[in-house]
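Here's the structure, in structure tokens; my notes come after.
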Amino acid sequence: MKKILQDLSFGQLKTLAFKFGAKPFRAKQLAEGLARGKRISQINIDPSLRQALLAEYEDEPVRVEKTFRSADGTEKYLFRLADGNMVEGVFMRYKYGNTQCVSTQVGCRMGCKFCASTLGGLVRDLTSGEILSQVLIVNAMHASGGERGVTNIVLMGSGEPLDNFKEVSDFLKNVTAAEGINISARNISLSTCGIVPRIYELADLGIPVNLTISLHQTTDEGRRRTMPVANKYTIAEILKACEYYFDKTGRRYIFEYSLIDGENADEKHAEELINLLKGRPCHVNLIRLNEVKERALKAANDAQAYKFRAVLERGGVSATVRRSMGSDIGGACGQLRAGYLKTDTPT
Ligand code: SAH
């Protein structure tokens, strides 16, 4: 595989331009072109520099292999990487802007029992440029006039972002950089299953993104049953790391809680959640489980979800039931890639 130009910071692009004997303003042209989602071959630079770059760098490190469009405006993509691996992404339209959900790894090694991304284990980490390219391409597809196509980013596609910390932190630096697409940290959410030491590192990074924790259970015992990472870190340790994150960034943190019938969706679980979270600067996102056919777990229904929310609210814990977007185009949470790997032959 060739190198990836989108991995580079603006400072590194300047060094590269110098190395190739190009004028410093070429670095700016490159950065602007890349930020617009262009390939090297489409950026207006002098032909000798273009040739030199193309000899070493991937012209199209990420491309949209397939698009699935929902009636509600949601789009799901299968992205093909230069080595033929696939990851998926989702583009969602909200009143306040457009959110792009990106993947950080091909597959995942966290092993959560309800998740399709982890079924085949971890294949490889994405580079920062491969993560960034997902944003740049989709932004370009939806940009109109001077308006950005993507205003918000969530790191909730396949992979565990804090298991690929170096590349994810480079991505965060480059995606928020003034010379690039320049998306504000407060419009970015990073979701983790709870790799505690890395939450501290993220807090110290100085890029105050929204921290989202996939909690999904109210006890360590329950968590160990569904999320192997819980064998390493307890809920108490996670909550302490969240406090540190809040102290450092001033950002309220979010808990994701997927409601699984017969597992974590009863009134007693809501009460336990109140005991854990009451008085904290946090919010709970309730999601009805997306049933994954390889897994036996069953989704809670709407009535259970709204009742759960009401109990939390009454107990002083703010919570929302997340709308399910794009359900008509199926395949949530890693199921697109899983389905693709099974049924399609790449073209
Ligand atoms: N690895 C990260 C981010 C990726 S998953 C994390 O664990 O947070 C994004 C969210 O989707 C996580 O909260 C994850 O637990 C949740 N999720 C995974 N599979 C799901 C499913 N089948 N139904 C509902 N939510 C699911």
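Please note that chains go A, B, ... in the order of the structure tokens, that every chain numbers its residues from 1, and that ligands are numbered from 1 in the order shown.
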request  = Would you please give, as JSON, numbers by chain, all residues of region 52-241 of chain A that DSSP assigns to alpha helix (DSSP H) based on the backbone?
outcome  = {"A": [52, 53, 54, 55, 56, 128, 129, 130, 131, 132, 133, 134, 135, 136, 137, 138, 139, 140, 141, 142, 165, 166, 167, 168, 169, 170, 171, 172, 173, 174, 175, 196, 197, 198, 199, 200, 201, 202, 203, 204, 220, 221, 222, 223, 224, 225, 226, 235, 236, 237, 238, 239, 240, 241]}
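Taking only C-alpha atoms and all ligand atoms into account, the protein and nucleic acid residues that come at most 6 Å from ligand 1 are Phe114, Cys115, Met156, Gly157, Ser158, Gly159, Glu160, Ser191, Thr192, Cys193, Ile213, Ser214, Glu256, Ser258, Leu289, Asn290, Glu291, Val292 and Cys333 of chain A.
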Across A:Ser133, A:Ser117, A:Ser169, A:Thr151, the smallest distance to Phe79 (chain A), with only C-alpha atoms counted, is shown by A:Ser133
query = Do you know which residues are at most 8 Å from region 138-142 of chain A counting only C-alpha atoms, after dropping those on the same chain fewer than 6 positions away, and could you put them as a PyMOL selection string?
reply = chain A and resi 36-37+91+100+148-150
Next on the checklist: With only C-alpha atoms as the counted atoms, please give the residues lying no more than 12 Å from Leu53 (chain A), apart from itself and same-chain residues fewer than 5 positions off, as a PyMOL selection string.
Outcome noted: chain A and resi 2-5+13+16-17+19-22+30+39-41+43+45-48+58-59
Non-local contacts of region 265-278 of chain A (8 Å; only C-alpha atoms; under 2 positions in same chain excluded) as a ChimeraX atom specification:
/A:217-218,259-263,280,282,300,304-305,307-309,311-312,315-317
Show which residues sit within 6 Å of region 237-247 of chain A, as an NGL selection string. Count only C-alpha atoms, and ignore same-chain residues fewer than 4 positions away.
:A and (196 or 203 or 251)
- Write out as a list of chain:residue names the residues lying within 8 Å of Glu130 (chain A), counting only C-alpha atoms and excluding same-chain residues fewer than 6 positions away. A:Ile4, A:Gln6, A:Asp7, A:Pro61, A:Val62, A:Leu81
All strand (DSSP E) positions in region 51-102 of chain A, as a tab-separated table (two decimals) with N, CA and C atoms, in the first residue's frame:
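That gives us selection30.tsv:
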```
chain	number	residue	atom	x	y	z
A	62	VAL	N	-9.69	6.16	0.30
A	62	VAL	CA	-11.01	5.67	0.70
A	62	VAL	C	-11.97	6.04	-0.42
A	63	ARG	N	-12.79	5.07	-0.86
A	63	ARG	CA	-13.84	5.46	-1.79
A	63	ARG	C	-15.16	4.80	-1.43
A	64	VAL	N	-16.24	5.45	-1.85
A	64	VAL	CA	-17.57	4.91	-1.55
A	64	VAL	C	-17.83	3.75	-2.51
A	65	GLU	N	-17.97	2.58	-1.95
A	65	GLU	CA	-18.20	1.38	-2.77
A	65	GLU	C	-19.70	1.22	-3.04
A	66	LYS	N	-20.50	1.52	-2.01
A	66	LYS	CA	-21.95	1.35	-2.14
A	66	LYS	C	-22.64	2.37	-1.27
A	67	THR	N	-23.78	2.89	-1.75
A	67	THR	CA	-24.57	3.83	-0.95
A	67	THR	C	-25.97	3.28	-0.78
A	68	PHE	N	-26.48	3.39	0.43
A	68	PHE	CA	-27.86	2.97	0.72
A	68	PHE	C	-28.59	4.22	1.18
A	69	ARG	N	-29.69	4.58	0.49
A	69	ARG	CA	-30.39	5.83	0.85
A	69	ARG	C	-31.73	5.52	1.50
A	75	GLU	N	-28.10	8.28	4.93
A	75	GLU	CA	-27.38	7.49	3.93
A	75	GLU	C	-26.35	6.63	4.63
A	76	LYS	N	-26.24	5.41	4.18
A	76	LYS	CA	-25.21	4.53	4.73
A	76	LYS	C	-24.25	4.18	3.60
A	77	TYR	N	-22.98	4.12	3.94
A	77	TYR	CA	-21.97	3.85	2.92
A	77	TYR	C	-21.12	2.67	3.32
A	78	LEU	N	-20.73	1.93	2.30
A	78	LEU	CA	-19.63	1.00	2.47
A	78	LEU	C	-18.43	1.66	1.83
A	79	PHE	N	-17.40	1.88	2.63
A	79	PHE	CA	-16.18	2.49	2.11
A	79	PHE	C	-15.17	1.39	1.81
A	80	ARG	N	-14.53	1.53	0.64
A	80	ARG	CA	-13.46	0.59	0.31
A	80	ARG	C	-12.11	1.28	0.54
A	81	LEU	N	-11.24	0.60	1.29
A	81	LEU	CA	-9.90	1.14	1.54
A	81	LEU	C	-8.97	0.66	0.43
A	86	MET	N	-13.05	-3.19	3.90
A	86	MET	CA	-14.26	-2.38	3.90
A	86	MET	C	-14.57	-1.87	5.31
A	87	VAL	N	-15.03	-0.64	5.40
A	87	VAL	CA	-15.62	-0.14	6.65
A	87	VAL	C	-16.91	0.57	6.28
A	88	GLU	N	-17.72	0.87	7.29
A	88	GLU	CA	-18.97	1.53	6.97
A	88	GLU	C	-19.13	2.86	7.67
A	89	GLY	N	-20.02	3.67	7.12
A	89	GLY	CA	-20.29	4.98	7.71
A	89	GLY	C	-21.76	5.34	7.49
A	90	VAL	N	-22.24	6.26	8.31
A	90	VAL	CA	-23.64	6.69	8.20
A	90	VAL	C	-23.69	8.22	8.20
A	91	PHE	N	-24.53	8.77	7.34
A	91	PHE	CA	-24.73	10.22	7.26
A	91	PHE	C	-26.17	10.50	7.67
A	92	MET	N	-26.34	11.32	8.71
A	92	MET	CA	-27.70	11.57	9.22
A	92	MET	C	-28.02	13.06	9.21
A	93	ARG	N	-29.23	13.41	8.77
A	93	ARG	CA	-29.62	14.82	8.74
A	93	ARG	C	-30.47	15.12	9.96
A	94	TYR	N	-30.06	16.15	10.69
A	94	TYR	CA	-30.84	16.63	11.84
A	94	TYR	C	-31.16	18.09	11.61
A	97	GLY	N	-28.05	20.26	11.88
A	97	GLY	CA	-26.91	20.02	10.98
A	97	GLY	C	-26.82	18.56	10.58
A	98	ASN	N	-25.75	18.23	9.88
A	98	ASN	CA	-25.58	16.87	9.40
A	98	ASN	C	-24.47	16.16	10.15
A	99	THR	N	-24.76	14.95	10.57
A	99	THR	CA	-23.79	14.18	11.35
A	99	THR	C	-23.24	13.02	10.53
A	100	GLN	N	-21.92	12.89	10.55
A	100	GLN	CA	-21.29	11.76	9.88
A	100	GLN	C	-20.71	10.83	10.94
A	101	CYS	N	-21.10	9.56	10.84
A	101	CYS	CA	-20.58	8.54	11.74
A	101	CYS	C	-19.44	7.81	11.03
```
Shortest contact to Thr15 (chain A), candidates A:Arg124, A:Arg323, A:Lys28, A:Lys173, atoms counted only C-alpha atoms, goes to A:Lys28
One residue among A:Leu119, A:Leu8, A:Ile199, A:Leu54 is nearest to Pro161 (chain A) when using only C-alpha atoms, and that residue is A:Ile199
Using only C-alpha atoms, the best pick from A:Lys23, A:Asn187, A:Thr226, A:Tyr306 as closest to Tyr96 (chain A) would be A:Asn187
CA of Met110 (chain A) and CA of Leu122 (chain A), how far apart in Å?
->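 About the pair CA of Leu122 (chain A) and CA of Met110 (chain A): they are 8.4 Å apart.
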- prompt: Which distance in Å separates CA of Pro197 (chain A) and CA of Met227 (chain A), to one decimal?
  reply: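 Those two atoms sit 17.3 Å apart.
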CA of Glu56 (chain A) sits from CA of Glu32 (chain A) at a separation of 19.8 Å
